[in-house]
Every structure is written in structure tokens, then in C-alpha cells.
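J.: Got a structure for you, written out below as C-alpha cells; questions coming shortly.
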There are 2 protein chains.
Amino acid sequence: MTLTTSSAAPVTLTDTGLEVLLPGGKTAYFNNYWLRDNCPTSFDSQTRERVFDIFHLEAAPRPRRAEVVEGALEIAWDGENHTSRYPLEWLASYAEGKRRPDPSDLPRRAWFADHYPNVARFRQADLMADKAKVAEWLKALIVEGVALVTDMPDSDEALTDLVKLMGHVRPTFFGEYFDVMTHIEPTNLAYTAKALELHTDTPAEDMAPGVQFLHCRANSVEGGANLFLDGVAVANDFRELYPEDFKLLAETEVPFYCEHDTYDVRSRQRVIELDAHGEVSGVTISQHMADVFDLPQDVLDRYYPAFCRFGRMLQSAKYLMRFRINAGECIVFDNHRIVHGREAYSATSGARYLRGTYADRGEMRSTYRALTSEGRFK
Amino acid sequence: MTLTTSSAAPVTLTDTGLEVLLPGGKTAYFNNYWLRDNCPTSFDSQTRERVFDIFHLEAAPRPRRAEVVEGALEIAWDGENHTSRYPLEWLASYAEGKRRPDPSDLPRRAWFADHYPNVARFRQADLMADKAKVAEWLKALIVEGVALVTDMPDSDEALTDLVKLMGHVRPTFFGEYFDVMTHIEPTNLAYTAKALELHTDTPAEDMAPGVQFLHCRANSVEGGANLFLDGVAVANDFRELYPEDFKLLAETEVPFYCEHDTYDVRSRQRVIELDAHGEVSGVTISQHMADVFDLPQDVLDRYYPAFCRFGRMLQSAKYLMRFRINAGECIVFDNHRIVHGREAYSATSGARYLRGTYADRGEMRSTYRALTSEGRFK
């Protein structure tokens with residue numbers, strides 16, 4: 001048995017804050033502004049908002065008295081009739097300056113061409129009835145980026161009901177829903193029977209919608225196989241094989257556009273997207289929406305070979321999951337991660353109708369957190 | 001009169017591209033990949049999409065023959081039965097690697113406490129009837145960040161119709177609309193009669209909605225004055241007075257949260273937001289939604305004094321526009337730029353009802369571009 005002993009004083013004042021002896025024997029420093037700002041009374045348990053406004057302080061906060069009492073730091077503040085009380089365990093969780101833990105921060109699991117039989121599957125009615133199933137579904141979407149919802153009723157409402165389990169329908173510049181079928185005057189290649197190159201959707205938006213839904217209402221045509229791949233799997237391999245190219249694609253913004261009579265949407269995106277941990281969280285690929293790259297030509301000398309190397313890797317057999325979506329299924333996927341396309345089909349051989357829409361990744365994660373964790377105020 | 005003369009060859013091949021003599025006598029370099037990718041035939045005039053996919057090229061593109069013919073560069077490509085023809089004027093516009101001009105890239109005009117009489121005003125019926133008025137309205141929103149729409153019908157539809165002139169209603173995690181009035185079980189301080197500290201809305205979203213609409217349906221209470229200020233005006237002054245503090249606020253991400261029974265939204269934002277030119281484009285301020293800052297305490301030693309200095313500046317009389325919104329008016333503003341709040345009111349002294357909603361800045365700019373410029377395919 002090891003005894004933790006310490007000769008440090010429980011609390012020592014410095015010019016800007018306090019040194020506090022924490023459970024376990026380590027001493028940690030806390031800034032006075034931070035302490036005053038985060039007094040437990042700063043948060044209202046009914047509205048669950050922070051209700052203290054530090055901008056109204058007239059001078060830098062200073063403790064008049066600070067001591068440890070029954071496992072908590074107590075501070076009486078100078079010039080205020082206010083005492084704050086912080087449990088030491090709570091202070092310890094902020095001592096190292098680490099980000100607050102996030103239940104939705106699950107590691108991504110890359111997948112490859114043979115993934116189709118293992119795609120997570122959920123019956124729509126089960127999701128509607130059971131919040132625990134919804135949590136499983138969202139977890140699959142966070143970890144693998146794709147899931148199939150089966151036994152979907154053949155109605156517009158079925159799709160909307162499904163979206164509402166994770167958030168709200170997120171309209172894009174072309175509306176709340178889109179109907180993938182052959183249109184007479186197509187504004188988009190998706191609305192023809194032609195092959196669709198591998199892509200992510202609506203990259204020209206400031207922030208392209210994060211979760212895509214494709215509800216298959218009919219699919220009796222010849223051809224039109226679905227092509228899906230995990231951009232994270234490809235980008236992780238690319239990072240290992242071509243680290244310099246990876247860096248270029250993760251750091252260089254290239255322009256995207258989407259233009260028609262009533263819209264002219266433009267943005268700049270990085271082809272490889274990294275998360276806060278520096279891990280690949282997604283990719284943005286779309287030849288259809290790629291604008292003329294308006295970068296210096298000497299940058300393009302390096303960028304284009306890297307871009308084409310990555311693009312060819314996306315098309316390699318190792319990654320490409322090929323399957324046929326059936327009427328009554330809805331494929332749901334992370335639109336910043338999963339790259340999708342389809343083979344050409346014969347428009348006269350039958351009917352093919354997919355109704356699509358989007359939701360936000362942020363709302364999906366919000367719902368996942370609310371379903372799986374206690375939160376701060378529950 | 002000066003004659004521009006040049007002894008340079010019209011086209012010179014290099015290992016990776018071409019040197020081309022442009023009108024005016026300057027020679028510029030263009031990369032082969034870039035040239036091949038942007039052959040005018042790469043773009044389809046019906047769907048207005050790029051239809052060429054450079055990932056399918058088997059080798060790096062190389063010209064077999066390149067010459068200038070009647071003001072255009074003509075390239076016959078090696079290994080392909082394809083000739084590209086690029087007008088020299090078009091090439092010249094990409095020669096310096098400058099970003100494609102954007103009609104919506106208008107300089108922002110900062111405003112101060114005395115701005116209320118000069119706020120751009122538009123009658124709702126005029127906007128509904130006249131696209132030129134819509135363009136003026138969007139220009140005011142881009143340049144000044146705020147505009148008033150008057151003579152609004154007293155209906156839910158009036159607000160929706162107004163939003164649709166610039167884009168789509170952008171739902172947040174709490175839905176498509178919000179009703180600012182006193183609620184019996186408030187989930188938010190806005191739903192009480194209390195004062196509302198100066199803030200921007202929903203900072204806990206990945207990307208907080210860019211344009212906010214507040215349609216006043218009733219306002220007969222005592223008190224409740226509206227407080228609006230231009231975050232750009234404050235941040236520009238702050239940059240001049242406290243450059244080190246400015247840098248901290250523009251570079252450090254701090255956490256925001258919004259948590260209730262069914263949601264737990266989290267994000268990290270920079271208090272001062274810069275655009276592609278390094279100019280201040282907005283601010284994110286919300287004591288209500290500020291999470292406990294989970295940064296190293298020695299960073300907080302520098303961050304908090306800067307943050308409080310900026311927060312106090314926001315509240316100074318130089319910037320604060322104080323007015324009373326009237327029934328039938330809708331104030332529309334850039335939610336990343338304009339900081340708003342209100343004074344407390346007496347809930348029993350009359351009725352106060354504002355219906356709010358959001359749209360996207362990207363869609364607003366898209367609509368502005370489509371209304372004011374020819375575009376590439378028109």
C-alpha cells in the first residue's frame with residue numbers, strides 16, 4: 001500500500017490565481033477569472049444556462065479568503081458579498097486543461113469493399129419505438145459513417161419521421177428534399193440515368209450538410225448499382241503512403257460552385273478534413289461542383305498530382321462497396337465522410353426513385369449525447 | 001504613347017506546363033493538369049456542372065502541340081483525341097493565382113450607437129414584388145449587417161415569405177421558429193421578462209445560423225428596449241487598441257454548450273471571426289451559452305483579461321444602438337456580426353411577442369450573386 005503524502009499547503013494565493021492541493025496529492029493552478037466565472041451559482045438549473053456575466057465585474061476578481069473545507073475549495077471574493085464553493089473533484093477535472101469529455105467522441109472505424117453484409121441495419125418501426133435503438137443507430141453513424149434502415153413505409157412522412165429521430169431536416173439551397181429520378185430538364189447529373197462519379201453532396205455550401213438520407217421508393221431498373229466508400233479508410237491509407245500529398249490535401253482550400261438561374265453558391269473546402277485530434281474526419285470530393293482552381297499555378301504544380309493520386313485511390317477496388325439498394329430501404333450516411341456514386345442505368349427498363357434529404361452532424365451528436373449520458377443538469 | 005513589345009515566344013513548353021504570352025505582353029505559366037481539367041468542354045451548359053473527371057486520366061496530361069490561334073491558346077493533347085481551346089483573356093484572369101471575383105464580396109461598413117435613423121428600411125410588399133429591392137436589401141445586410149423590414153402582415157406566413165426571398169428557413173436544434181414571449185416553463189432566458197445580456201444566437205451549433213429574423217407581432221409593454229451593436233465596429237477598434245488581445249480572441253477556440261432534456265449541443269468558436277481577407281467578419285458572444293473554458297489555466301491567465309476587456313467594450317455607449325421595435329416590423333441581421341440584447345420589461349404591462357427564425361449567410365450571398373451578376377453560364 002502506498003500512502004500519498006504531501007507537505008504542500010492546501011491553498012496558496014498567487015498574483016493571478018490559486019495553487020490548490022488536489023485529492024491524490026498533486027497541486028494545480030487555477031486562474032481567478034476562471035474561478036469567479038465558473039462558480040456553481042453561475043449556472044441556472046431551470047434554464048440550464050450560464051447566468052453570470054463576467055463582463056460586469058468592475059475589476060479583476062481577487063479572493064479575500066480561500067480555504068479547503070470538507071473536500072471543497074471555498075473562496076470569499078474581494079469587494080463582493082459572494083462566496084464560491086468548488087468540489088475538489090470538479091476542479092481536478094479541469095486541472096490539466098484538457099477538453100471536457102464528449103460522449104459522442106467515439107473513434108471512427110474504417111471499412112472497406114467487403115463491408116456490405118456488415119453494415120448496421122435497423123427496422124424503421126424499431127427506431128420509432130425505442131430510444132435505445134436510436135442510440136445504437138447514431139453510434140453506428142458516428143463510428144462507421146453508414147447504416148441501413150429497413151422496412152421503411154412507402155411515404156414521404158416515413159423519411160421525415162426518421163430524420164426527426166436525430167434532428168431536423170436541413171434544407172439546402174435547392175430545398176428540403178430532392179428526388180433522384182430522371183427529370184425532363186435536369187439541373188443536375190443525378191437527375192439523369194447516367195453514371196454518377198464518386199462524390200460528396202453540395203460541397204459549395206459554407207458547411208455542406210453532415211448526414212444524408214436516401215430513401216429508396218422504387219428500384220426495378222437494369223443497372224444503377226450503388227457505389228459507396230469510406231473516405232476515412234482511403235485518406236488514412238493515403239496519409240501513410242504519401243504524407244506530403246496528404247498534407248497538401250488537408251491544408252489547401254479549393255473552390256466549389258453550384259450555379260443556376262436563381263442561385264450561385266460558392267465555397268472553399270479542404271479535400272481531406274481533420275478533426276480536433278488531427279484524425280481524418282471526412283473528405284470533400286465532387287468533380288461536378290469543383291470550380292476552376294484559382295490558386296497560384298506553382299501551387300497547382302504540386303496540388304494536382306496529389307489530388308489525382310488521391311482521386312485514383314478513391315476508385316480502387318479495395319475500398320469500393322458495390323450493392324443494390326432496394327425499395328423500402330433508406331441508406332443513411334455521413335456526407336462529409338462517405339463518398340457515393342452509382343453506375344448508369346437504363347431509364348426505360350423500370351422505375352428508380354430515391355427521395356433524399358439531409359440533417360446536421362452537430363444535431364446527430366447532440367441527440368446521441370442526450371440519449372447516452374447524464375449531462376450536467378439531469 | 002508607350003508601345004508594349006515582346007520578343008517572347010507565344011507558347012513555350014516546360015516539364016509541367018506552358019509559358020504563354022498574354023495580351024499586354026506578359027508571359028504567364030499554366031500547369032498542364034490545370035489546363036486539361038479546365039478545358040471549356042469540361043463544363044456542361046445545361047446542368048451547369050463540371051462533367052470532366054480528371055481522376056480517370058491514365059497519365060499526367062501533356063500537350064502534343066500548343067499554339068496561339070486568333071486570341072486563343074489551342075492545345076492538342078498527347079494520347080487523347082481531344083483539342084482544347086482557351087481564350088487568352090480567360091487565361092489572363094487566372095494568371096496571377098488570385099481568387100475568382102465574388103460580387104458579394106462587398107466591404108463591410110461599421111456603424112455606431114447613432115445608427116438607428118440610418119438603418120436601411122424596406123416595405124415587405126415592395127420586397128415581395130421587386131427583385132431589385134431584394135438585391136438592395138441583401139446588399140445592406142452584407143455591408144451593414146442589419147436592415148428593417150416594415151409593414152409586415154401580422155401572420156406566420158409573412159415571415160416565412162420574407163425568408164424565402166433570400167433562402168430557406170434554417171432550423172436549429174429547437175426547431176424552425178422561436179417565439180420570444182414569456183413562457184411558463186422557460187428553457188431560455190429569452191422566454192422570460194428579464195433583461196437579456198448582449199449576445200449572438202446559438203453559438204453551440206457547429207455553424208450558428210448566419211442571418212436572424214425577429215418579426216415583432218406585438219409590443220405594448222413597458223420597458224424591453226432593444227439593444228443592438230455592430231460587432232465589427234467594436235472588434236476593429238479593439239484590434240487597434242489591443243492588438244495582442246485581438247489576436248488571442250481571433251485565434252483561441254472556446255467551448256459553448258446548450259443542454260436540455262433532448263439535446264446537448266456543443267461546439268468551439270472563436271470570439272472574433274476573420275474572413276478570407278483577414279478582416280473582421282463577425283463575433284460570437286454569449287454568456288448564457290459559454291461552457292466552462294477547458295483550456296490550460298496559463299492560457300486563461302492571458303485569455304480572460306482580453307476577453308473581459310472586449311466584453312466591456314461591447315457594452316460601451318459608443319456602440320450601443322437602443323431602440324424600440326414596433327409591431328409590424330421585422331429586424332433582419334447577421335447573427336455572426338450583430339450583437340443583440342434587450343432591457344427587462346414588465347410582463348403584465350401589455351403584450352410582447354417576437355417570432356424569430358434564421359437563414360444561412362451562404363444562401364443570402366448566393367441569392368445576391370444570382371440577382372446582381374451574369375454568372376458563368378447565363
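Residue numbers start at 1 in each chain; chains themselves are named A, B, ... in the order of the C-alpha cells; ligands are numbered from 1 in the order shown.
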Within 10 Å of Gln315 in chain B, counting only C-alpha atoms, which residues qualify if same-chain residues fewer than 5 places away don't, as a tab-separated table (two decimals) with C-alpha atoms, in the first residue's frame?
T.:
chain	number	residue	atom	x	y	z
A	55	PHE	CA	-18.10	41.42	-18.26
A	56	HIS	CA	-19.90	43.30	-15.49
B	197	GLU	CA	-27.35	40.24	-21.95
B	198	LEU	CA	-25.77	41.17	-25.26
B	227	LEU	CA	-30.06	46.80	-27.79
B	229	LEU	CA	-24.45	46.79	-31.78
B	234	VAL	CA	-16.10	47.06	-31.79
B	310	PHE	CA	-13.52	43.07	-25.19
B	320	LEU	CA	-24.93	50.54	-28.39
J.: Using the chain letters and numbers from this document, which residues of range 250-322 of chain B does DSSP assign to alpha helix (DSSP H), as an NGL selection string?
T.: :B and (250-251 or 297-314)
J.: Can you pull out the residues contacting Phe238 in chain A? Cut-off 12 Å, using only C-alpha atoms, and skip same-chain residues under 2 positions away; I want them as a PyMOL selection string.
T.: chain A and resi 231-236+240-250+272+280+306-314
J.: Applying 7 Å and only C-alpha atoms, which residues near Gly223 in chain B remain after dropping the ones on its own chain fewer than 4 positions away? List them as a list in words.
T.: Glu343, Ala344, Tyr345 and Ser346 of chain B
J.: Go ahead and write the residues just picked, N, CA, C and O atoms, as an mmCIF file, in the first residue's frame.
T.:
data_model
loop_
_atom_site.group_PDB
_atom_site.id
_atom_site.type_symbol
_atom_site.label_atom_id
_atom_site.label_comp_id
_atom_site.auth_asym_id
_atom_site.auth_seq_id
_atom_site.Cartn_x
_atom_site.Cartn_y
_atom_site.Cartn_z
ATOM 1 N N GLU B 343 -33.508 45.190 -22.766
ATOM 2 C CA GLU B 343 -33.693 45.552 -21.365
ATOM 3 C C GLU B 343 -34.872 44.748 -20.812
ATOM 4 O O GLU B 343 -35.667 44.206 -21.577
ATOM 5 N N ALA B 344 -34.962 44.672 -19.495
ATOM 6 C CA ALA B 344 -36.072 43.954 -18.866
ATOM 7 C C ALA B 344 -37.379 44.682 -19.171
ATOM 8 O O ALA B 344 -37.391 45.869 -19.480
ATOM 9 N N TYR B 345 -38.486 43.953 -19.128
ATOM 10 C CA TYR B 345 -39.784 44.619 -19.292
ATOM 11 C C TYR B 345 -40.757 44.110 -18.245
ATOM 12 O O TYR B 345 -40.479 43.133 -17.543
ATOM 13 N N SER B 346 -41.864 44.786 -18.147
ATOM 14 C CA SER B 346 -42.888 44.381 -17.192
ATOM 15 C C SER B 346 -43.864 43.471 -17.921
ATOM 16 O O SER B 346 -44.585 43.903 -18.817
#
J.: Excluding Leu141 in chain B and residues on its chain fewer than 3 positions from it, collect all residues at most 12 Å away from it, counting only C-alpha atoms, and give them as a ChimeraX atom specification.
T.: /B:104,106-110,119-122,134-138,144-149,166,210-213,230,331-338,361,364-365,368
J.: Phe377 in chain B: which residues within 8 Å, counting only C-alpha atoms, same-chain residues fewer than 3 positions away excluded, as a PDB file with all heavy atoms, in the first residue's frame?
T.:
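As a result, part_12.pdb now contains:
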ATOM      1  N   HIS A 260     -27.087  28.174 -60.942  1.00  0.00           N
ATOM      2  CA  HIS A 260     -28.198  28.071 -61.887  1.00  0.00           C
ATOM      3  C   HIS A 260     -28.929  29.403 -61.914  1.00  0.00           C
ATOM      4  O   HIS A 260     -28.370  30.411 -61.493  1.00  0.00           O
ATOM      5  CB  HIS A 260     -29.109  26.879 -61.534  1.00  0.00           C
ATOM      6  CG  HIS A 260     -29.214  25.949 -62.695  1.00  0.00           C
ATOM      7  ND1 HIS A 260     -30.142  26.110 -63.688  1.00  0.00           N
ATOM      8  CD2 HIS A 260     -28.480  24.875 -63.048  1.00  0.00           C
ATOM      9  CE1 HIS A 260     -29.979  25.165 -64.601  1.00  0.00           C
ATOM     10  NE2 HIS A 260     -28.975  24.404 -64.248  1.00  0.00           N
TER      11      HIS A 260
ATOM     12  N   SER B  45     -23.340  23.060 -70.262  1.00  0.00           N
ATOM     13  CA  SER B  45     -24.117  24.299 -70.152  1.00  0.00           C
ATOM     14  C   SER B  45     -25.560  24.038 -69.720  1.00  0.00           C
ATOM     15  O   SER B  45     -26.237  24.936 -69.257  1.00  0.00           O
ATOM     16  CB  SER B  45     -24.075  25.068 -71.471  1.00  0.00           C
ATOM     17  OG  SER B  45     -24.641  24.270 -72.491  1.00  0.00           O
ATOM     18  N   ARG B  48     -24.966  22.849 -65.959  1.00  0.00           N
ATOM     19  CA  ARG B  48     -24.023  23.828 -65.397  1.00  0.00           C
ATOM     20  C   ARG B  48     -23.070  23.190 -64.388  1.00  0.00           C
ATOM     21  O   ARG B  48     -22.678  23.797 -63.392  1.00  0.00           O
ATOM     22  CB  ARG B  48     -24.764  25.018 -64.775  1.00  0.00           C
ATOM     23  CG  ARG B  48     -25.707  25.656 -65.773  1.00  0.00           C
ATOM     24  CD  ARG B  48     -26.256  26.971 -65.302  1.00  0.00           C
ATOM     25  NE  ARG B  48     -27.338  27.407 -66.197  1.00  0.00           N
ATOM     26  CZ  ARG B  48     -28.030  28.520 -66.053  1.00  0.00           C
ATOM     27  NH1 ARG B  48     -27.744  29.344 -65.057  1.00  0.00           N
ATOM     28  NH2 ARG B  48     -28.988  28.848 -66.881  1.00  0.00           N
ATOM     29  N   GLU B 374     -23.980  38.261 -63.941  1.00  0.00           N
ATOM     30  CA  GLU B 374     -24.320  37.452 -65.100  1.00  0.00           C
ATOM     31  C   GLU B 374     -24.054  35.971 -64.864  1.00  0.00           C
ATOM     32  O   GLU B 374     -24.686  35.119 -65.451  1.00  0.00           O
ATOM     33  CB  GLU B 374     -23.511  37.930 -66.314  1.00  0.00           C
ATOM     34  CG  GLU B 374     -24.128  39.152 -66.967  1.00  0.00           C
ATOM     35  CD  GLU B 374     -25.593  38.917 -67.340  1.00  0.00           C
ATOM     36  OE1 GLU B 374     -25.858  38.038 -68.161  1.00  0.00           O
ATOM     37  OE2 GLU B 374     -26.465  39.626 -66.781  1.00  0.00           O
TER      38      GLU B 374
END
J.: I'd like the interatomic distance between CA of Phe293 in chain A and CA of Arg170 in chain A, to a tenth of an Å.
T.: 28.3 Å
